[in-house]
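Please read the structure below before turning to the comments.
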Amino acid sequence: MFGYVKPEMPYLYLKDDTLYKALYCGVCKSIGRTCSQRARLSLTYDIAFFSALVHNLADQDVKIVKKRCVAHWFKRRPMVEKGDALTDLSAMINVELAYYKIKDDILDGNGGKAKLWFFKSSHKKVLKKQPQISAIIEKNYGELFKLEQQKCSSIDMVCEPFSKMMEELGCYVLGDKATESVKKLFYFLGKWIYLIDALDDYDKDVKEKSFNPFYYAYGELPTLKEAFKRYGKDLSFVFSDVFASLKTALSECKFYFNHDLIDNIILRGIPSVTLKILKKENEKK
């Protein structure tokens with residue numbers, strides 16, 4: 001993913017911080033086991049949240065053990081014990097998202113061929129073990145690229161492939177546990193990830209002449225500061241609608257365990273990250 005899905009730390013309970021880090025380490029170990037050691041460099045905290053979400057929705061608890069790893073050899077750290085199918089699926093999704101993100105960057109003219117080669121062997125392993133994961137991501141990234149090539153000015157339309165991709169990945173991992181509310185939760189999570197990445201990269205995309213949905217939706221203004229000055233209410237509405245949809249879907253989903261961590265990230269972390277990016281961009285000058 002992109003590294004934006006994170007908790008609001010001042011409101012995170014100690015037990016949830018331990019679980020979050022254990023899931024993160026568990027996915028990291030799983031990437032090394034199922035894909036390759038080099039692919040562990042693609043790991044983001046986003047996938048720790050994905051792992052927490054699917055485990056809770058699927059009613060599959062995790063076993064946390066203390067172990068050492070290469071990065072933390074002197075002190076044992078809590079991590080999810082290996083052999084968990086949902087953790088392995090999360091790991092392979094992480095690798096494929098990283099791989100196709102690099103391919104998308106290359107198509108946008110931003111380079112990355114060396115990075116793509118670096119992850120190629122890991123991608124082949126995922127393709128062999130879980131071809132459906134690769135198929136879902138490749139299909140939706142292809143549709144997204146077409147819309148970007150057309151310089152699509154409809155925010156909802158250009159968000160659709162990434163939103164559907166997250167929905168389909170959630171459905172694939174959860175199987176019959178993927179209710180309509182669960183689908184909605186993954187869909188709007190995907191929409192927010194795409195939008196927040198575009199918001200954060202607005203000025204860089206304009207400078208490098210890369211596609212940005214907000215640039216074409218709001219009159220091709222040169223900076224995010226100027227776009228927010230003129231269309232701040234519209235931008236606020238777009239994100240407020242996503243927040244409201246996530247909150248509604250969250251309240252309708254059936255969770256089997258304590259979901260304080262998930263609540264923290266969706267209800268506090270996601271709005272907080274959005275506000276920080278807006279504040280950062282508006283204080284640059």
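We name chains A, B, ... following the order of the structure tokens; residues begin at 1 in each chain, and ligands are numbered from 1 as shown.
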Using only C-alpha atoms, find each residue of segment 189-219 of chain A with at least one atom at most 9 Å away from an atom of segment 272-275 of chain A; report its shortest atom-to-atom pair and that distance in Å (one decimal), sort the rows by chain and rising residue number, and return the result as a tab-separated table.
```
residue	atom	partner	partner_atom	distance
A:Ile196	CA	A:Thr274	CA	6.7
A:Leu199	CA	A:Thr274	CA	8.6
A:Asp200	CA	A:Thr274	CA	8.9
```
Residues of the last selection are to be written out with C-alpha atoms, as a CSV table (one decimal), in the first residue's frame.
```csv
chain,number,residue,atom,x,y,z
A,196,ILE,CA,-4.9,10.8,0.3
A,199,LEU,CA,-3.6,14.9,-2.0
A,200,ASP,CA,-0.1,14.4,-0.6
```
### Query
What's the 10 Å shell around segment 33-42 of chain A, counting only C-alpha atoms, without same-chain residues fewer than 6 positions away, as a list in words?
Met1, Phe2, Val27, Lys82, Gly83, Asp88, Leu89, Ala91, Met92, Asn94, Val95, Glu96, Leu97, Ala98, Tyr99, Phe118, Phe119, Lys120, Ser121, Ser122, His123, Lys124, Lys125, Val126 and Lys129 of chain A
### Query
Using the chain letters and numbers from this document, which residues of segment 11-239 of chain A does DSSP assign to helix (DSSP H, G or I), as JSON, numbers by chain?
{"A": [11, 14, 15, 16, 17, 18, 19, 20, 21, 22, 23, 24, 25, 26, 27, 28, 29, 30, 31, 32, 33, 34, 38, 39, 40, 41, 42, 45, 46, 47, 48, 49, 50, 51, 52, 53, 54, 55, 56, 57, 85, 86, 87, 88, 89, 90, 91, 92, 93, 94, 95, 96, 97, 98, 99, 100, 101, 102, 103, 104, 105, 106, 107, 113, 114, 115, 116, 117, 118, 119, 120, 121, 122, 123, 124, 125, 126, 127, 128, 129, 131, 132, 133, 134, 135, 136, 137, 138, 139, 140, 141, 142, 143, 144, 145, 146, 147, 148, 149, 155, 156, 157, 158, 159, 160, 161, 162, 163, 164, 165, 166, 167, 168, 169, 170, 171, 172, 173, 174, 175, 176, 177, 180, 181, 182, 183, 184, 185, 186, 187, 188, 189, 190, 191, 192, 193, 194, 195, 196, 197, 198, 199, 200, 202, 203, 204, 205, 206, 207, 208, 213, 214, 215, 216, 217, 224, 225, 226, 227, 228, 229, 230, 231, 232, 233, 234, 235, 236, 237, 238, 239]}
### Query
Restricting the calculation to only C-alpha atoms, which member of A:Tyr172, A:Trp117, A:Tyr187, A:Phe243 is positioned closest to Gln132 of chain A?
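With only C-alpha atoms as the atom set, the closest residue is A:Tyr172.
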### Spatial neighbours of segment 162-168 of chain A, max dist 6 Å, only C-alpha atoms, sep filter under 5 positions, as an MDAnalysis selection string
chainID A and resid 140 183 186:187 190:191
Output file for the residues above (C-alpha atoms, as a tab-separated table (two decimals), in the first residue's frame):
```tsv
chain	number	residue	atom	x	y	z
A	140	ASN	CA	-7.74	-2.73	-11.54
A	183	LYS	CA	-17.34	-4.91	1.04
A	186	PHE	CA	-12.89	-2.16	2.03
A	187	TYR	CA	-14.26	-0.11	-0.87
A	190	GLY	CA	-9.44	1.94	-0.95
A	191	LYS	CA	-11.04	5.22	-2.00
```
### Message
Residues of segment 41-270 of chain A classed as strand (DSSP E) by DSSP on the backbone are to be reported as a PyMOL selection string.
### Response
chain A and resi 64-67+77-80
#### Entry: Shortest interatomic distance to Ser236 of chain A - which of A:Leu185, A:Leu14, A:Leu278, A:Ile133, counting only C-alpha atoms
A:Leu278
### Task
Go through A:Lys229, A:Lys184, A:Lys113, A:Lys247 and flag the residue nearest Pro271 of chain A, using only C-alpha atoms for the distances.
A:Lys247
### Contacts of Cys152 of chain A within 10 Å, only C-alpha atoms, excl. fewer than 2 positions in-chain, as a list of chain:residue names
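Selected residues are A:Leu144, A:Lys146, A:Leu147, A:Glu148, A:Gln149, A:Gln150, A:Ser154, A:Ile155, A:Asp156, A:Met157, A:Val158, A:Phe211, A:Asn212, A:Pro213, A:Phe214, A:Tyr216, A:Ala217.
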Can I get the selection written as a PDB file, in the first residue's frame, with C-alpha atoms?
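Written output follows (selection_27.pdb):
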```pdb
ATOM      1  CA  LEU A 144      -6.863   3.046 -13.406  1.00  0.00           C
ATOM      2  CA  LYS A 146      -6.645   4.095 -18.732  1.00  0.00           C
ATOM      3  CA  LEU A 147      -8.535   6.737 -16.728  1.00  0.00           C
ATOM      4  CA  GLU A 148      -5.308   8.529 -15.892  1.00  0.00           C
ATOM      5  CA  GLN A 149      -4.283   8.528 -19.561  1.00  0.00           C
ATOM      6  CA  GLN A 150      -7.638  10.122 -20.384  1.00  0.00           C
ATOM      7  CA  SER A 154     -14.288  12.964 -12.218  1.00  0.00           C
ATOM      8  CA  ILE A 155     -12.920  12.148  -8.778  1.00  0.00           C
ATOM      9  CA  ASP A 156     -15.453   9.366  -8.134  1.00  0.00           C
ATOM     10  CA  MET A 157     -14.763   7.771 -11.510  1.00  0.00           C
ATOM     11  CA  VAL A 158     -10.982   7.781 -11.204  1.00  0.00           C
ATOM     12  CA  PHE A 211      -1.614  12.685 -13.363  1.00  0.00           C
ATOM     13  CA  ASN A 212      -3.407  13.942 -10.253  1.00  0.00           C
ATOM     14  CA  PRO A 213      -7.214  13.705  -9.965  1.00  0.00           C
ATOM     15  CA  PHE A 214      -7.551  16.899  -7.915  1.00  0.00           C
ATOM     16  CA  TYR A 216      -7.959  18.058 -13.284  1.00  0.00           C
ATOM     17  CA  ALA A 217     -11.082  18.178 -11.120  1.00  0.00           C
TER      18      ALA A 217
END
```
### Message
Which residue is closest to Gly111 of chain A? Choose from A:Arg76, A:Ile265, A:Glu208, A:His55 and count only C-alpha atoms.
### Response
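Of A:Arg76, A:Ile265, A:Glu208, A:His55, the one nearest Gly111 of chain A, counting only C-alpha atoms, is A:Glu208.
Note that atom CA of Lys67 of chain A and atom CA of Lys29 of chain A are 10.7 Å apart.
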### Task
Select, from A:Asp203, A:Pro10, A:Lys233, A:Val54, the residue with the minimum atom-to-atom distance to Glu220 of chain A, counting only C-alpha atoms.
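Ranked by minimum distance to Glu220 of chain A, first place goes to A:Asp203.
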### Query
What is the atom CA of Gly269 of chain A-atom CA of Ile47 of chain A distance in Å, reported with one decimal?
14.7 Å
### Message
Just to confirm, what's the straight-line distance from atom CA of Gly175 of chain A to atom CA of Ile136 of chain A in Å (one decimal)?
### Response
14.6 Å
### Task
Might you pull out every residue within 7 Å of Ala22 of chain A, with only C-alpha atoms counted and same-chain residues fewer than 4 positions away left off, and present them as a count of residues only?
6
